[in-house]
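For reference, upload38.tsv is printed below; it contains TSV, C-alpha atoms.
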```
chain	number	residue	atom	x	y	z
A	298	MET	CA	279.71	100.67	135.60
A	299	THR	CA	276.45	101.92	137.09
A	300	LYS	CA	273.38	99.81	136.51
A	301	TRP	CA	270.26	101.95	136.44
A	302	PRO	CA	266.98	100.55	137.74
A	303	LEU	CA	264.51	99.48	135.09
A	304	PRO	CA	261.76	102.11	134.65
A	305	ASP	CA	258.33	101.09	135.95
A	306	PRO	CA	256.64	101.21	132.52
A	307	MET	CA	259.13	98.69	131.13
A	308	ARG	CA	258.65	96.48	134.19
A	309	ARG	CA	254.92	96.54	133.47
A	310	ALA	CA	255.52	95.75	129.77
A	311	LEU	CA	257.66	92.78	130.80
A	312	GLU	CA	254.85	91.58	133.10
A	313	GLU	CA	252.51	91.73	130.11
A	314	ALA	CA	255.05	89.75	128.06
A	315	ARG	CA	255.10	87.05	130.75
A	316	ALA	CA	251.28	86.93	130.66
A	317	ALA	CA	251.45	86.45	126.89
A	318	ALA	CA	253.86	83.53	127.29
A	319	GLU	CA	251.61	81.93	129.91
A	320	ALA	CA	248.75	82.15	127.39
A	321	GLY	CA	250.89	80.46	124.71
A	322	GLU	CA	251.47	83.70	122.82
A	323	VAL	CA	254.81	85.17	121.74
A	324	PRO	CA	255.95	87.05	124.88
A	325	ILE	CA	255.64	90.69	123.90
A	326	GLY	CA	254.05	93.26	126.16
A	327	ALA	CA	253.34	96.97	125.86
A	328	VAL	CA	252.07	99.89	127.89
A	329	VAL	CA	251.00	103.43	127.04
A	330	VAL	CA	251.93	106.13	129.52
A	331	LYS	CA	250.54	109.65	129.72
A	332	GLY	CA	252.38	111.84	132.19
A	333	ASP	CA	253.29	109.49	135.02
A	334	GLU	CA	250.30	107.18	134.61
A	335	VAL	CA	250.00	103.90	132.74
A	336	ILE	CA	246.69	104.34	130.92
A	337	ALA	CA	246.70	101.03	129.04
A	338	ALA	CA	248.57	97.72	129.05
A	339	ALA	CA	248.36	94.76	126.67
A	340	HIS	CA	250.24	91.77	125.31
A	341	ASN	CA	250.35	89.75	122.12
A	342	SER	CA	247.17	87.77	121.48
A	343	PRO	CA	246.96	86.79	117.78
A	344	ARG	CA	246.42	83.10	118.55
A	345	THR	CA	243.92	83.70	121.33
A	346	ASN	CA	241.92	86.22	119.30
A	347	HIS	CA	242.41	84.53	115.90
A	348	ASP	CA	243.61	87.93	114.69
A	349	PRO	CA	246.96	88.44	112.97
A	350	THR	CA	246.84	92.15	113.90
A	351	ALA	CA	246.53	91.48	117.65
A	352	HIS	CA	250.10	92.52	118.42
A	353	ALA	CA	250.77	94.08	121.81
A	354	GLU	CA	251.35	97.53	120.30
A	355	ILE	CA	248.08	97.53	118.32
A	356	ALA	CA	246.08	96.31	121.32
A	357	VAL	CA	247.56	98.89	123.69
A	358	ILE	CA	247.13	101.76	121.22
A	359	ARG	CA	243.47	100.81	120.77
A	360	ALA	CA	242.96	100.60	124.54
A	361	ALA	CA	244.69	103.93	125.20
A	362	ALA	CA	242.65	105.66	122.48
A	363	ARG	CA	239.44	104.36	124.10
A	364	VAL	CA	240.57	105.55	127.54
A	365	LEU	CA	241.37	109.03	126.21
A	366	GLY	CA	238.38	109.14	123.88
A	367	GLN	CA	240.49	110.18	120.90
A	368	GLU	CA	242.56	108.62	118.14
A	369	ARG	CA	245.67	110.73	118.65
A	370	LEU	CA	248.02	109.90	121.49
A	371	GLU	CA	250.29	112.91	121.02
A	372	ASP	CA	251.29	113.33	124.65
A	373	CYS	CA	251.76	109.62	125.27
A	374	ASP	CA	254.74	107.27	125.41
A	375	LEU	CA	254.71	103.65	124.26
A	376	TRP	CA	256.86	101.11	126.09
A	377	VAL	CA	257.21	97.71	124.41
A	378	THR	CA	259.46	94.71	124.97
A	379	LEU	CA	260.46	94.16	121.32
A	380	GLU	CA	261.24	96.42	118.37
A	381	PRO	CA	257.94	97.00	116.56
A	382	CYS	CA	257.22	95.42	113.18
A	383	ALA	CA	256.19	97.49	110.14
A	384	MET	CA	252.47	97.19	110.94
A	385	CYS	CA	252.97	98.37	114.50
A	386	ALA	CA	255.39	101.14	113.51
A	387	GLY	CA	252.75	102.41	111.09
A	388	ALA	CA	250.14	102.41	113.86
A	389	ILE	CA	252.55	104.24	116.18
A	390	SER	CA	253.02	106.91	113.53
A	391	HIS	CA	249.29	107.29	112.86
A	392	ALA	CA	248.56	107.49	116.61
A	393	ARG	CA	251.16	110.27	116.91
A	394	ILE	CA	252.90	108.58	119.86
A	395	ALA	CA	255.43	111.08	121.27
A	396	ARG	CA	258.11	108.64	122.43
A	397	LEU	CA	258.74	104.96	121.76
A	398	TYR	CA	260.80	102.89	124.20
A	399	TYR	CA	261.59	99.29	123.31
A	400	ALA	CA	263.70	96.71	125.08
A	401	ALA	CA	265.08	94.21	122.56
A	402	SER	CA	265.99	94.80	118.94
A	403	ASP	CA	264.51	92.50	116.29
A	404	PRO	CA	266.86	92.15	113.30
A	405	LYS	CA	264.48	89.70	111.61
A	406	GLY	CA	261.08	91.38	111.99
A	407	GLY	CA	261.71	94.82	113.41
A	408	ALA	CA	260.97	97.91	111.36
A	409	VAL	CA	262.39	100.76	113.44
A	410	GLU	CA	266.16	100.22	113.38
A	411	HIS	CA	266.00	97.20	111.06
A	412	GLY	CA	264.17	96.20	107.90
A	413	ALA	CA	261.74	98.83	106.63
A	414	LYS	CA	262.90	101.54	109.08
A	415	VAL	CA	259.40	103.01	108.86
A	416	PHE	CA	260.12	106.25	110.71
A	417	GLU	CA	262.91	107.17	108.27
A	418	HIS	CA	260.66	107.22	105.18
A	419	LYS	CA	259.64	110.61	103.80
A	420	GLN	CA	256.09	109.24	103.59
A	421	CYS	CA	256.00	108.71	107.36
A	422	LEU	CA	253.48	111.18	108.77
A	423	HIS	CA	254.99	111.29	112.26
A	424	ALA	CA	258.10	109.82	113.82
A	425	PRO	CA	258.32	109.46	117.59
A	426	GLU	CA	261.48	109.93	119.58
A	427	VAL	CA	262.95	106.42	119.90
A	428	TYR	CA	264.85	104.97	122.86
A	429	THR	CA	266.11	101.38	123.01
A	430	GLY	CA	267.75	98.84	125.26
A	431	MET	CA	266.02	99.24	128.64
A	432	GLY	CA	265.20	95.69	129.76
A	433	GLU	CA	266.80	94.26	126.63
A	434	GLY	CA	268.38	91.24	128.33
A	435	GLU	CA	265.23	90.13	130.11
A	436	ALA	CA	263.03	90.64	127.05
A	437	ALA	CA	265.45	88.82	124.73
A	438	ASN	CA	265.88	85.92	127.18
A	439	MET	CA	262.12	85.56	127.51
A	440	LEU	CA	261.72	85.40	123.73
A	441	ARG	CA	264.61	82.94	123.28
A	442	GLY	CA	263.22	80.68	126.00
A	443	PHE	CA	259.74	80.78	124.52
A	444	PHE	CA	260.94	79.71	121.07
A	445	GLN	CA	263.39	77.08	122.41
A	446	GLU	CA	260.52	75.36	124.22
A	447	ARG	CA	258.63	75.10	120.93
A	448	ARG	CA	261.48	73.60	118.88
```
Represent the structure of the file as structure tokens.
Amino acid sequence: MTKWPLPDPMRRALEEARAAAEAGEVPIGAVVVKGDEVIAAAHNSPRTNHDPTAHAEIAVIRAAARVLGQERLEDCDLWVTLEPCAMCAGAISHARIARLYYAASDPKGGAVEHGAKVFEHKQCLHAPEVYTGMGEGEAANMLRGFFQERR
């Protein structure tokens, strides 16, 4: 079995997740890529910012939109370490992200392949191409370790 190297954007998202954990946040990181360039990177910060919407995906979409000077990220890819929740999937749709890559699935809170399955609804304005599993083990282990330390 061939093991492919982890793509650089997912490595960067995992670095962001580690930074979140160091800050006492749930370890989720995200990056937005346009072409071959990471234009924005962020991690979860709801506790730090006292903001329940400060998920990694929301923060990185906001940052990328500022960098590009526009609200639509049509030619951009989002790389994130955990399956997005319904709020984040909605933001991904509204931002018109072209491709979504996420590492670990989230059967409890995810809304892409689990739960609400936001992109499958006829009301969904835009559905990105979705790719999963790259960096899944590392992302899942980081999350498990984070929550075990708090129990």
- Message: Applying 9 Å and all atoms listed in the file, which residues near A:Tyr399 remain after dropping the ones on its own chain fewer than 5 positions away? List them as an MDAnalysis selection string.
- Response: chainID A and resid 307 327 375:381 427:433
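Between A:Asp333 and the residues A:Glu435, A:Asp305, A:Glu368, A:Glu354, the shortest atom-to-atom distance, using only C-alpha atoms, involves A:Asp305.
Each of A:His418, A:Arg369, A:Arg359, A:Arg447 was checked against A:Val323 using all atoms listed in the file; the smallest atom-to-atom distance is that of A:Arg447.
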- Task: Rank nothing, just name the residue among A:Cys382, A:Ile325, A:Ala437, A:Ile336 nearest to A:Ala408, using only C-alpha atoms.
- Result: A:Cys382
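Atom to atom, atom CA of A:Ala318 and atom CA of A:Val335 stand 21.4 Å apart.
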